[in-house]
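J.: File name my_file06.txt; file contents compact mmCIF, C-alpha atoms and all ligand atoms; full text below.
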```txt
# COMPACT_ATOMS: atom_id res chain seq x y z
CA MET H 277 -39.06 25.02 -57.66
CA GLY H 278 -39.24 26.79 -61.03
CA ALA H 279 -38.54 30.49 -60.97
CA THR H 280 -35.43 31.89 -59.36
CA ILE H 281 -34.69 35.37 -58.11
CA ASP H 282 -31.17 35.42 -59.56
CA ALA H 283 -32.56 35.42 -63.07
CA THR H 284 -33.72 39.02 -62.66
CA PRO H 285 -31.32 41.97 -62.74
CA ALA H 286 -30.25 43.37 -59.39
CA GLY H 287 -32.20 46.50 -58.42
CA PRO H 288 -32.14 48.66 -55.31
CA ARG H 289 -32.56 46.92 -51.95
CA ARG H 290 -36.20 46.48 -51.12
CA THR H 291 -38.09 45.61 -47.97
CA VAL H 292 -40.33 42.55 -47.73
CA THR H 293 -42.49 41.69 -44.74
CA TYR H 294 -44.15 38.36 -44.03
CA VAL H 295 -47.51 38.42 -42.25
CA PHE H 296 -48.54 35.30 -40.36
CA PRO H 297 -51.97 35.01 -38.72
CA VAL H 298 -51.59 32.74 -35.71
CA TYR H 299 -54.32 30.96 -33.80
CA ASN H 300 -53.16 28.14 -31.57
CA GLU H 301 -50.14 27.15 -33.64
CA ALA H 302 -47.60 26.65 -30.84
CA GLU H 303 -46.33 23.40 -32.35
CA ASN H 304 -45.83 24.90 -35.79
CA LEU H 305 -44.26 28.28 -35.12
CA ARG H 306 -40.62 27.31 -34.53
CA LEU H 307 -40.50 25.11 -37.60
CA LEU H 308 -42.33 27.79 -39.59
CA HIS H 309 -39.85 30.48 -38.63
CA ALA H 310 -36.90 28.21 -39.33
CA SER H 311 -38.30 27.23 -42.76
CA VAL H 312 -38.97 30.84 -43.66
CA LEU H 313 -35.45 31.81 -42.58
CA ALA H 314 -34.06 29.05 -44.80
CA VAL H 315 -35.90 30.61 -47.73
CA THR H 316 -35.07 34.23 -46.94
CA GLU H 317 -31.40 33.88 -45.94
CA PRO H 318 -30.10 33.36 -49.49
CA LEU H 319 -32.12 36.41 -50.57
CA ALA H 320 -30.83 38.67 -47.81
CA CYS H 321 -28.39 40.29 -50.23
CA ARG H 322 -31.34 41.76 -52.12
CA TYR H 323 -34.03 42.30 -49.53
CA ASP H 324 -34.49 43.46 -45.96
CA PHE H 325 -36.97 41.04 -44.45
CA GLY H 326 -39.42 41.58 -41.63
CA PHE H 327 -41.76 39.10 -39.97
CA ILE H 328 -45.08 40.03 -38.41
CA TYR H 329 -46.85 37.39 -36.36
CA VAL H 330 -50.42 38.29 -35.47
CA ASP H 331 -51.50 36.31 -32.45
CA ASP H 332 -55.25 36.13 -32.94
CA GLY H 333 -56.13 35.44 -29.30
CA SER H 334 -54.44 32.03 -29.11
CA THR H 335 -55.24 30.00 -26.03
CA ASP H 336 -52.25 27.66 -26.21
CA GLU H 337 -48.54 28.47 -25.80
CA SER H 338 -48.34 30.39 -29.09
CA ALA H 339 -47.77 33.74 -27.33
CA GLN H 340 -44.84 32.32 -25.36
CA VAL H 341 -43.32 30.68 -28.42
CA LEU H 342 -43.69 33.92 -30.38
CA ALA H 343 -42.00 35.87 -27.58
CA ASP H 344 -39.11 33.38 -27.75
CA ILE H 345 -38.83 33.76 -31.50
CA ALA H 346 -38.93 37.55 -31.20
CA GLY H 347 -36.16 37.30 -28.64
CA THR H 348 -33.87 35.57 -31.12
CA ASP H 349 -34.65 37.67 -34.18
CA GLU H 350 -35.01 41.43 -33.98
CA ARG H 351 -36.79 41.56 -37.33
CA VAL H 352 -39.77 39.82 -35.74
CA THR H 353 -42.82 41.80 -34.63
CA VAL H 354 -45.59 40.14 -32.66
CA ILE H 355 -49.04 41.71 -32.65
CA GLU H 356 -51.22 40.34 -29.92
CA LEU H 357 -54.91 40.86 -30.56
CA SER H 358 -57.02 41.16 -27.44
CA ARG H 359 -59.16 38.17 -28.38
CA ASN H 360 -59.86 35.88 -31.33
CA PHE H 361 -61.04 38.10 -34.19
CA GLY H 362 -60.78 35.52 -36.95
CA HIS H 363 -58.30 34.88 -39.71
CA GLN H 364 -59.34 37.67 -42.08
CA VAL H 365 -59.12 40.35 -39.40
CA ALA H 366 -55.81 38.97 -38.11
CA VAL H 367 -54.33 39.28 -41.60
CA THR H 368 -55.76 42.80 -41.84
CA ALA H 369 -54.03 43.76 -38.59
CA GLY H 370 -50.73 42.54 -40.04
CA LEU H 371 -51.26 44.42 -43.30
CA ASP H 372 -52.06 47.59 -41.38
CA LEU H 373 -48.82 47.42 -39.47
CA ALA H 374 -46.55 46.27 -42.29
CA ASP H 375 -44.35 48.98 -43.71
CA ALA H 376 -42.58 47.32 -46.61
CA ASP H 377 -42.33 47.41 -50.39
CA ALA H 378 -44.06 44.03 -50.49
CA VAL H 379 -46.02 41.96 -48.00
CA ILE H 380 -46.32 38.18 -48.15
CA VAL H 381 -49.34 36.72 -46.36
CA MET H 382 -48.96 33.11 -45.33
CA ASP H 383 -50.74 30.64 -43.01
CA SER H 384 -48.68 29.58 -40.03
CA ASP H 385 -49.49 25.85 -40.11
CA LEU H 386 -47.03 25.16 -42.95
CA GLN H 387 -49.83 24.33 -45.37
CA ASP H 388 -48.43 27.13 -47.48
CA PRO H 389 -44.88 25.93 -48.21
CA PRO H 390 -42.33 28.68 -47.43
CA PRO H 391 -40.22 27.98 -50.59
CA VAL H 392 -43.16 29.12 -52.72
CA SER H 393 -42.76 32.61 -51.27
CA ALA H 394 -39.47 32.91 -53.18
CA GLU H 395 -41.42 32.26 -56.38
CA LEU H 396 -43.89 34.96 -55.42
CA LEU H 397 -40.96 37.37 -55.04
CA ALA H 398 -39.64 36.39 -58.46
CA GLN H 399 -42.97 37.32 -60.06
CA TRP H 400 -43.03 40.58 -58.11
CA GLU H 401 -39.62 41.39 -59.59
CA LEU H 402 -41.20 40.96 -63.01
CA GLY H 403 -43.53 43.82 -62.19
CA TYR H 404 -46.65 42.19 -60.79
CA ASP H 405 -48.36 43.90 -57.87
CA VAL H 406 -50.36 40.93 -56.63
CA VAL H 407 -48.95 37.42 -56.91
CA TYR H 408 -51.34 34.84 -55.56
CA ALA H 409 -50.41 31.24 -54.92
CA GLN H 410 -52.90 28.96 -56.60
CA ARG H 411 -53.38 25.38 -55.40
CA ARG H 412 -52.58 22.81 -58.02
CA SER H 413 -53.49 20.16 -55.49
CA ARG H 414 -54.52 20.13 -51.87
CA GLN H 415 -54.21 17.63 -49.03
CA ASP H 416 -57.45 18.28 -47.20
CA PRO H 417 -60.33 16.07 -46.07
CA ALA H 418 -62.72 15.14 -48.90
CA PHE H 419 -65.49 17.25 -47.44
CA LYS H 420 -63.31 20.36 -47.35
CA LYS H 421 -62.24 19.80 -50.96
CA LEU H 422 -65.81 19.33 -52.08
CA SER H 423 -67.19 22.33 -50.22
CA ALA H 424 -64.33 24.52 -51.47
CA ARG H 425 -65.10 23.47 -55.03
CA ALA H 426 -68.77 24.25 -54.68
CA PHE H 427 -67.97 27.58 -53.08
CA TYR H 428 -65.58 28.68 -55.84
CA TRP H 429 -68.06 27.56 -58.47
CA VAL H 430 -70.87 29.67 -57.01
CA LEU H 431 -68.54 32.60 -56.41
CA GLN H 432 -67.38 32.57 -60.01
CA LYS H 433 -71.00 32.57 -61.19
CA VAL H 434 -72.33 35.39 -59.03
CA ALA H 435 -69.45 37.64 -57.95
CA SER H 436 -69.18 41.08 -59.49
CA VAL H 437 -65.39 40.79 -59.67
CA ASP H 438 -63.32 37.92 -60.98
CA ILE H 439 -62.04 36.13 -57.89
CA PRO H 440 -59.49 33.47 -58.81
CA ARG H 441 -60.37 29.87 -57.99
CA ASP H 442 -58.30 27.76 -55.61
CA ALA H 443 -56.32 30.69 -54.34
CA GLY H 444 -56.40 31.25 -50.61
CA ASP H 445 -54.86 34.15 -48.77
CA PHE H 446 -51.31 33.01 -49.49
CA ARG H 447 -50.06 35.83 -51.70
CA LEU H 448 -47.65 38.69 -52.20
CA LEU H 449 -48.96 42.24 -52.24
CA ASP H 450 -47.05 45.26 -53.43
CA ARG H 451 -47.03 48.31 -51.15
CA LYS H 452 -49.54 50.15 -53.29
CA VAL H 453 -52.04 47.29 -53.02
CA VAL H 454 -51.58 47.21 -49.25
CA ASP H 455 -52.09 51.00 -49.07
CA GLU H 456 -55.29 50.58 -51.03
CA LEU H 457 -56.54 47.67 -48.94
CA ARG H 458 -56.12 49.76 -45.80
CA LYS H 459 -58.94 51.97 -47.02
CA PHE H 460 -61.38 49.06 -46.91
CA ARG H 461 -62.64 48.91 -43.36
CA GLU H 462 -65.70 46.72 -43.88
CA ARG H 463 -66.40 44.31 -41.08
CA ASP H 464 -67.45 41.20 -43.00
CA ARG H 465 -64.15 40.81 -44.76
CA PHE H 466 -63.29 38.56 -47.64
CA LEU H 467 -59.75 39.70 -48.39
CA ARG H 468 -59.35 37.70 -51.59
CA GLY H 469 -62.35 39.46 -53.01
CA LEU H 470 -61.10 42.86 -51.89
CA ILE H 471 -57.72 42.20 -53.45
CA SER H 472 -59.38 41.27 -56.75
CA TYR H 473 -61.53 44.35 -56.37
CA VAL H 474 -58.61 46.80 -56.01
CA GLY H 475 -57.09 45.49 -59.23
CA PHE H 476 -53.49 46.30 -60.27
CA ARG H 477 -51.35 43.78 -62.11
CA GLN H 478 -52.12 40.31 -60.79
CA THR H 479 -50.70 36.90 -61.57
CA ALA H 480 -50.70 33.36 -60.18
CA VAL H 481 -48.03 30.90 -59.10
CA GLN H 482 -49.03 27.23 -58.94
CA PHE H 483 -48.21 25.15 -55.89
CA ASP H 484 -49.13 21.95 -54.08
CA ARG H 485 -50.82 22.66 -50.79
CA HIS H 486 -49.46 20.53 -47.98
CA GLU H 487 -51.20 18.97 -45.05
CA ARG H 488 -51.24 20.92 -41.81
CA HIS H 489 -47.97 20.29 -39.94
CA ALA H 490 -49.42 19.98 -36.41
CA GLY H 491 -52.67 20.77 -34.62
CA ARG H 492 -56.03 20.93 -36.26
CA THR H 493 -57.88 23.39 -38.40
CA SER H 494 -59.55 26.20 -36.52
CA TYR H 495 -61.78 26.89 -39.49
CA SER H 496 -64.88 25.26 -38.06
CA MET H 497 -67.89 24.56 -40.23
CA LYS H 498 -69.43 27.76 -38.88
CA LYS H 499 -66.39 29.90 -39.73
CA MET H 500 -66.21 28.35 -43.20
CA MET H 501 -69.88 29.07 -43.91
CA ARG H 502 -69.42 32.60 -42.65
CA LEU H 503 -66.44 33.16 -44.94
CA ALA H 504 -68.39 31.77 -47.87
CA ALA H 505 -71.28 34.11 -47.06
CA ASP H 506 -68.88 37.06 -46.77
CA GLY H 507 -67.44 36.16 -50.15
CA ILE H 508 -70.77 35.82 -51.88
CA MET H 509 -72.75 38.59 -50.20
CA GLY H 510 -69.80 40.96 -50.13
CA PHE H 511 -69.32 40.77 -53.86
CA SER H 512 -72.71 40.05 -55.32
CA VAL H 513 -76.35 40.97 -55.02
CA ALA H 514 -77.39 37.62 -56.51
CA PRO H 515 -79.41 36.63 -53.41
CA LEU H 516 -81.33 39.91 -53.69
CA LYS H 517 -81.93 39.35 -57.38
CA LEU H 518 -83.20 35.90 -56.51
CA ILE H 519 -86.07 37.50 -54.59
CA SER H 520 -87.44 39.25 -57.64
CA ARG H 521 -86.93 36.17 -59.83
CA MET H 522 -88.75 34.06 -57.28
CA GLY H 523 -91.50 36.68 -57.24
CA TYR H 524 -91.89 36.57 -61.03
CA PHE H 525 -92.00 32.79 -60.97
CA ILE H 526 -94.68 32.64 -58.25
CA SER H 527 -96.77 35.23 -60.08
CA PHE H 528 -96.47 33.15 -63.22
CA LEU H 529 -97.65 30.05 -61.32
CA SER H 530 -100.65 31.87 -59.90
CA PHE H 531 -101.48 33.10 -63.40
CA LEU H 532 -101.50 29.47 -64.56
CA GLY H 533 -103.71 28.65 -61.58
CA ILE H 534 -106.21 31.34 -62.57
CA LEU H 535 -106.32 29.98 -66.12
CA TYR H 536 -106.93 26.48 -64.78
CA THR H 537 -109.73 27.61 -62.47
CA LEU H 538 -111.40 29.56 -65.27
CA GLY H 539 -111.06 26.54 -67.56
CA VAL H 540 -112.74 24.26 -65.02
CA LYS H 541 -115.52 26.77 -64.39
CA VAL H 542 -116.26 27.20 -68.10
CA PHE H 543 -115.74 23.71 -69.53
CA ALA H 544 -116.37 21.31 -66.62
CA PRO H 545 -118.24 23.17 -63.82
CA GLU H 546 -119.51 19.86 -62.36
CA THR H 547 -115.92 18.83 -61.38
CA ALA H 548 -115.18 22.05 -59.44
CA VAL H 549 -114.52 21.06 -55.80
CA PRO H 550 -114.59 23.63 -53.00
CA GLY H 551 -110.82 24.19 -52.95
CA TRP H 552 -109.91 24.13 -49.27
CA ALA H 553 -106.85 21.93 -49.90
CA PHE H 554 -105.59 24.26 -52.58
CA ILE H 555 -105.98 27.25 -50.31
CA THR H 556 -104.26 25.75 -47.27
CA ILE H 557 -101.34 24.36 -49.31
CA GLY H 558 -101.00 27.66 -51.12
CA LEU H 559 -101.03 29.53 -47.85
CA PHE H 560 -98.21 27.48 -46.39
CA PHE H 561 -96.20 27.57 -49.60
CA LEU H 562 -96.37 31.32 -49.95
CA GLY H 563 -95.79 31.83 -46.24
CA GLY H 564 -92.61 29.77 -46.49
CA ILE H 565 -91.35 31.65 -49.50
CA GLN H 566 -92.02 34.99 -47.86
CA ILE H 567 -90.19 34.08 -44.71
CA THR H 568 -87.18 32.80 -46.66
CA MET H 569 -87.03 35.97 -48.66
CA LEU H 570 -87.36 38.11 -45.56
CA GLY H 571 -84.36 36.19 -44.28
CA VAL H 572 -82.31 37.17 -47.31
CA LEU H 573 -83.30 40.80 -46.87
CA GLY H 574 -82.54 40.56 -43.20
CA SER H 575 -79.01 39.33 -43.76
CA TYR H 576 -78.21 42.35 -45.90
CA ILE H 577 -79.83 44.68 -43.42
CA GLY H 578 -77.74 43.05 -40.71
CA ARG H 579 -74.61 43.83 -42.62
CA THR H 580 -75.63 47.42 -43.20
CA TYR H 581 -76.26 47.70 -39.50
CA ALA H 582 -72.90 46.26 -38.49
CA GLN H 583 -71.12 48.51 -40.95
CA SER H 584 -72.99 51.62 -39.87
CA GLN H 585 -71.95 51.03 -36.29
CA GLY H 586 -68.45 51.91 -37.44
CA ARG H 587 -66.69 50.10 -34.63
CA PRO H 588 -62.95 49.57 -34.85
CA LEU H 589 -62.17 46.25 -36.51
CA TYR H 590 -59.89 45.05 -33.77
CA THR H 591 -58.02 46.15 -30.73
CA VAL H 592 -54.35 45.37 -30.31
CA ALA H 593 -53.44 44.58 -26.76
CA ALA H 594 -49.68 44.83 -27.24
CA VAL H 595 -47.11 45.07 -30.02
CA ARG H 596 -43.85 43.40 -29.19
CA THR H 597 -40.73 43.85 -31.27
CA GLY H 598 -37.39 42.10 -31.25
CA SER H 599 -35.85 44.90 -29.16
CA PRO H 600 -37.73 45.63 -25.92
CA ASP H 601 -37.39 49.45 -26.03
CA ARG H 602 -39.61 49.70 -29.12
CA ASP H 603 -42.68 48.19 -27.49
CA MET H 604 -46.02 49.88 -28.03
CA GLU H 605 -49.16 49.35 -26.02
CA SER H 606 -52.84 49.28 -26.89
CA ARG H 607 -53.89 50.54 -30.27
CA THR H 608 -57.21 50.63 -32.05
CA ARG H 609 -58.07 50.73 -35.72
N1 LIG H 701 -56.27 31.59 -37.96
C1 LIG H 701 -56.42 32.80 -37.27
N2 LIG H 701 -57.59 33.03 -36.61
C2 LIG H 701 -58.63 32.14 -36.58
C3 LIG H 701 -58.47 30.94 -37.32
C4 LIG H 701 -57.30 30.70 -37.99
O1 LIG H 701 -55.52 33.63 -37.27
O2 LIG H 701 -59.64 32.43 -35.97
C5 LIG H 701 -55.02 31.33 -38.69
C6 LIG H 701 -54.38 29.97 -38.40
O3 LIG H 701 -53.47 30.03 -37.34
C7 LIG H 701 -53.68 29.66 -39.71
C8 LIG H 701 -54.57 30.33 -40.74
O4 LIG H 701 -55.33 31.31 -40.04
O5 LIG H 701 -52.40 30.27 -39.77
C9 LIG H 701 -55.48 29.34 -41.45
O6 LIG H 701 -56.25 28.63 -40.50
P1 LIG H 701 -56.48 27.06 -40.58
O7 LIG H 701 -55.22 26.35 -40.90
O8 LIG H 701 -57.18 26.67 -39.33
O9 LIG H 701 -57.50 26.98 -41.80
P2 LIG H 701 -57.47 25.95 -43.03
O10 LIG H 701 -56.06 25.90 -43.55
O11 LIG H 701 -57.93 24.65 -42.48
O12 LIG H 701 -58.42 26.55 -44.01
MG MG H 702 -54.46 25.43 -42.48
```
Could the structure of this file be written out as structure tokens, please?
Ligand code: UDP
Ligand code: MG

T.:
Amino acid sequence: MGATIDATPAGPRRTVTYVFPVYNEAENLRLLHASVLAVTEPLACRYDFGFIYVDDGSTDESAQVLADIAGTDERVTVIELSRNFGHQVAVTAGLDLADADAVIVMDSDLQDPPPVSAELLAQWELGYDVVYAQRRSRQDPAFKKLSARAFYWVLQKVASVDIPRDAGDFRLLDRKVVDELRKFRERDRFLRGLISYVGFRQTAVQFDRHERHAGRTSYSMKKMMRLAADGIMGFSVAPLKLISRMGYFISFLSFLGILYTLGVKVFAPETAVPGWAFITIGLFFLGGIQITMLGVLGSYIGRTYAQSQGRPLYTVAAVRTGSPDRDMESRTR
């Protein structure tokens, strides 16, 4: 696969930590760990690797499987969240705990092929601080492809920062980017947007996104819509702007209406009908518009409210490391 690490001159040993958000991936984890080991082993002469698995409140055997993996590899850390907090928060928990020169964030269903992470490292060696893996192709249901396309199109149009298309959360982040990201504690998180927002030197690596190895997507329609809303509302005030535009447009229409009524009164008074239909239709129309717009306002106010509550983003129930004496209990961020 394209770039190789060996092409770059040998520098000092550096630490690299993988972060895997895990939600009901029991059937994928062993293969995932084995595939990642196959990629990292040849690079062990240059890097000290660490692996953080964030168990995002899985209800299957994931916790057990992770404990087994941690038992065989002391570089593995398992963070068990106290319930399901969602993908973006699970990744955040991993980033908060990672203490490495670079962090690689990767899904744990093998949709993000482990060999691509070596290419991310190669770009990092060239001096990039963020290397995101961009999908050249994806093996997803047609609906998911279509909705993703529409989402990225809208995002590109309205977002205040340039958020790359077709790039998920599969990416490498340099330590300084991770340090910066830790300062962003907003609740409705869209990490890709935040990463674009913090800046630094960013580049892309192309890859073909695989099908999920086992199990099914836990990104329900609801979670997907929520993520899309977090992306759009978190990085744009376009919906708010829409209110004023809508307002201008309606005013313009009513101005036309006034002209029409005056015209009828002056030039053809005999055709003027008592306008009950016009009034009732207008009433409903404007009522509808007002309620919709109140909804838009409300969603921003809701966000402000959630943020102002300042609750910790997540609570870690337990942190398990490869060696039992380093266990930590209960921690809140
Ligand atoms: N995931 C998670 N919490 C959730 C949902 C998903 O940690 O609430 C993890 C999941 O285990 C996987 C990654 O996030 O590693 C992406 O999820 P999924 O494969 O379901 O999403 P898709 O690839 O279909 O977008
Ligand atoms: Mg997936």

J.: Would you please work out which residue, of H:Ala490, H:Val292, H:Ile508, H:Ile355, is nearest to ligand MG 702 (chain H) when using all atoms listed in the file?

T.: H:Ala490

J.: Quick one: which chain H residues come within 9 Å of ligand LIG 701 (chain H), and what is the nearest atom pair for each with the distance in Å to one decimal, counting all atoms listed in the file, rows ordered by chain and ascending number, as JSON lines?

T.:
```
{"residue": "H:Phe296", "atom": "CA", "partner": "H:LIG701", "partner_atom": "O5", "distance": 6.4}
{"residue": "H:Pro297", "atom": "CA", "partner": "H:LIG701", "partner_atom": "O1", "distance": 4.1}
{"residue": "H:Val298", "atom": "CA", "partner": "H:LIG701", "partner_atom": "O3", "distance": 3.7}
{"residue": "H:Tyr299", "atom": "CA", "partner": "H:LIG701", "partner_atom": "O3", "distance": 3.8}
{"residue": "H:Asn300", "atom": "CA", "partner": "H:LIG701", "partner_atom": "O3", "distance": 6.1}
{"residue": "H:Glu301", "atom": "CA", "partner": "H:LIG701", "partner_atom": "O3", "distance": 5.8}
{"residue": "H:Val330", "atom": "CA", "partner": "H:LIG701", "partner_atom": "O1", "distance": 7.1}
{"residue": "H:Asp331", "atom": "CA", "partner": "H:LIG701", "partner_atom": "O1", "distance": 6.8}
{"residue": "H:Asp332", "atom": "CA", "partner": "H:LIG701", "partner_atom": "O1", "distance": 5.0}
{"residue": "H:Gly333", "atom": "CA", "partner": "H:LIG701", "partner_atom": "N2", "distance": 7.8}
{"residue": "H:Ser334", "atom": "CA", "partner": "H:LIG701", "partner_atom": "N2", "distance": 8.2}
{"residue": "H:Asn360", "atom": "CA", "partner": "H:LIG701", "partner_atom": "O2", "distance": 5.8}
{"residue": "H:Phe361", "atom": "CA", "partner": "H:LIG701", "partner_atom": "O2", "distance": 6.1}
{"residue": "H:Gly362", "atom": "CA", "partner": "H:LIG701", "partner_atom": "O2", "distance": 3.4}
{"residue": "H:His363", "atom": "CA", "partner": "H:LIG701", "partner_atom": "N2", "distance": 3.7}
{"residue": "H:Gln364", "atom": "CA", "partner": "H:LIG701", "partner_atom": "O1", "distance": 7.4}
{"residue": "H:Val365", "atom": "CA", "partner": "H:LIG701", "partner_atom": "O1", "distance": 7.9}
{"residue": "H:Ala366", "atom": "CA", "partner": "H:LIG701", "partner_atom": "O1", "distance": 5.4}
{"residue": "H:Val367", "atom": "CA", "partner": "H:LIG701", "partner_atom": "O1", "distance": 7.2}
{"residue": "H:Met382", "atom": "CA", "partner": "H:LIG701", "partner_atom": "O5", "distance": 7.1}
{"residue": "H:Asp383", "atom": "CA", "partner": "H:LIG701", "partner_atom": "O5", "distance": 3.7}
{"residue": "H:Ser384", "atom": "CA", "partner": "H:LIG701", "partner_atom": "O5", "distance": 3.8}
{"residue": "H:Asp385", "atom": "CA", "partner": "H:LIG701", "partner_atom": "O5", "distance": 5.3}
{"residue": "H:Leu386", "atom": "CA", "partner": "H:LIG701", "partner_atom": "O5", "distance": 8.1}
{"residue": "H:Gln387", "atom": "CA", "partner": "H:LIG701", "partner_atom": "O10", "distance": 6.7}
{"residue": "H:Asp388", "atom": "CA", "partner": "H:LIG701", "partner_atom": "O10", "distance": 8.7}
{"residue": "H:Asp416", "atom": "CA", "partner": "H:LIG701", "partner_atom": "O11", "distance": 7.9}
{"residue": "H:Lys420", "atom": "CA", "partner": "H:LIG701", "partner_atom": "O11", "distance": 8.4}
{"residue": "H:Gly444", "atom": "CA", "partner": "H:LIG701", "partner_atom": "O12", "distance": 8.4}
{"residue": "H:Asp445", "atom": "CA", "partner": "H:LIG701", "partner_atom": "C9", "distance": 8.8}
{"residue": "H:Glu487", "atom": "CA", "partner": "H:LIG701", "partner_atom": "O10", "distance": 8.6}
{"residue": "H:Arg488", "atom": "CA", "partner": "H:LIG701", "partner_atom": "O7", "distance": 6.8}
{"residue": "H:Gly491", "atom": "CA", "partner": "H:LIG701", "partner_atom": "O7", "distance": 8.8}
{"residue": "H:Arg492", "atom": "CA", "partner": "H:LIG701", "partner_atom": "O8", "distance": 6.6}
{"residue": "H:Thr493", "atom": "CA", "partner": "H:LIG701", "partner_atom": "O8", "distance": 3.5}
{"residue": "H:Ser494", "atom": "CA", "partner": "H:LIG701", "partner_atom": "O8", "distance": 3.7}
{"residue": "H:Tyr495", "atom": "CA", "partner": "H:LIG701", "partner_atom": "O8", "distance": 4.6}
{"residue": "H:Ser496", "atom": "CA", "partner": "H:LIG701", "partner_atom": "O8", "distance": 7.9}
{"residue": "H:Lys499", "atom": "CA", "partner": "H:LIG701", "partner_atom": "O2", "distance": 8.1}
{"residue": "H:Met500", "atom": "CA", "partner": "H:LIG701", "partner_atom": "O12", "distance": 8.0}
```

J.: Please, what distance in Å, to one decimal, runs between CA of Arg477 in chain H and CA of Tyr428 in chain H?

T.: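 CA of Arg477 in chain H sits 21.7 Å away from CA of Tyr428 in chain H.
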
J.: I'd like to know which of H:Ser436, H:Tyr581, H:Arg414, H:Leu589 is closest to ligand MG 702 (chain H), using all atoms listed in the file.

T.: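 Checking each of H:Ser436, H:Tyr581, H:Arg414, H:Leu589 against ligand MG 702 (chain H), counting all atoms listed in the file, the winner is H:Arg414.
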
J.: Show me as a ChimeraX atom specification the residues that reach within 10 Å of (-49.7, 38.5, -63.1), counting all atoms listed in the file and using the file's own coordinates.

T.: /H:399-400,402-408,476-481

J.: Leaving out range 560-567 of chain H and any residue of its chain fewer than 4 positions from it, which residues lie within 10 Å of it when counting all atoms listed in the file, given as a ChimeraX atom specification?

T.: /H:519,522-523,526,555-556,571-573

J.: Choose the residue, out of H:Gly326, H:Gly551, H:Pro417, H:Gly475, that has the smallest atom-to-atom separation from ligand MG 702 (chain H); count only C-alpha atoms and all ligand atoms.

T.: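 Going through H:Gly326, H:Gly551, H:Pro417, H:Gly475 one by one, the smallest distance to ligand MG 702 (chain H) is for H:Pro417.
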
J.: From the set H:Leu307, H:Ala369, H:Leu448, H:Ala409, which residue has the shortest atom-to-atom contact distance to Leu397 in chain H, counting all atoms listed in the file?

T.: H:Leu448

J.: Quick one: of H:Leu570, H:Leu470, H:Leu357, H:Val341, who's nearest to Leu308 in chain H, counting only C-alpha atoms?

T.: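 Nearest candidate to Leu308 in chain H out of H:Leu570, H:Leu470, H:Leu357, H:Val341: H:Val341.
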
J.: Provide range 399-411 of chain H rebuilt to N, CA and C atoms, formatted as a CSV table (one decimal), in the frame of the given file.

T.:
```csv
chain,number,residue,atom,x,y,z
H,399,GLN,N,-41.9,36.7,-59.2
H,399,GLN,CA,-43.0,37.3,-60.1
H,399,GLN,C,-43.1,38.8,-59.8
H,400,TRP,N,-43.0,39.2,-58.5
H,400,TRP,CA,-43.0,40.6,-58.1
H,400,TRP,C,-41.9,41.4,-58.8
H,401,GLU,N,-40.7,40.8,-58.9
H,401,GLU,CA,-39.6,41.4,-59.6
H,401,GLU,C,-39.9,41.6,-61.1
H,402,LEU,N,-40.8,40.8,-61.6
H,402,LEU,CA,-41.2,41.0,-63.0
H,402,LEU,C,-42.2,42.1,-63.2
H,403,GLY,N,-42.7,42.7,-62.1
H,403,GLY,CA,-43.5,43.8,-62.2
H,403,GLY,C,-45.0,43.6,-61.8
H,404,TYR,N,-45.3,42.4,-61.2
H,404,TYR,CA,-46.6,42.2,-60.8
H,404,TYR,C,-46.9,42.8,-59.4
H,405,ASP,N,-48.1,43.3,-59.2
H,405,ASP,CA,-48.4,43.9,-57.9
H,405,ASP,C,-49.0,42.9,-56.9
H,406,VAL,N,-49.7,42.0,-57.5
H,406,VAL,CA,-50.4,40.9,-56.6
H,406,VAL,C,-49.9,39.6,-57.2
H,407,VAL,N,-49.3,38.8,-56.4
H,407,VAL,CA,-49.0,37.4,-56.9
H,407,VAL,C,-49.6,36.4,-56.0
H,408,TYR,N,-50.7,35.8,-56.4
H,408,TYR,CA,-51.3,34.8,-55.6
H,408,TYR,C,-50.9,33.4,-55.8
H,409,ALA,N,-50.8,32.6,-54.8
H,409,ALA,CA,-50.4,31.2,-54.9
H,409,ALA,C,-51.7,30.4,-55.1
H,410,GLN,N,-51.7,29.7,-56.2
H,410,GLN,CA,-52.9,29.0,-56.6
H,410,GLN,C,-52.6,27.5,-56.4
H,411,ARG,N,-53.6,26.8,-55.7
H,411,ARG,CA,-53.4,25.4,-55.4
H,411,ARG,C,-53.6,24.5,-56.6
```
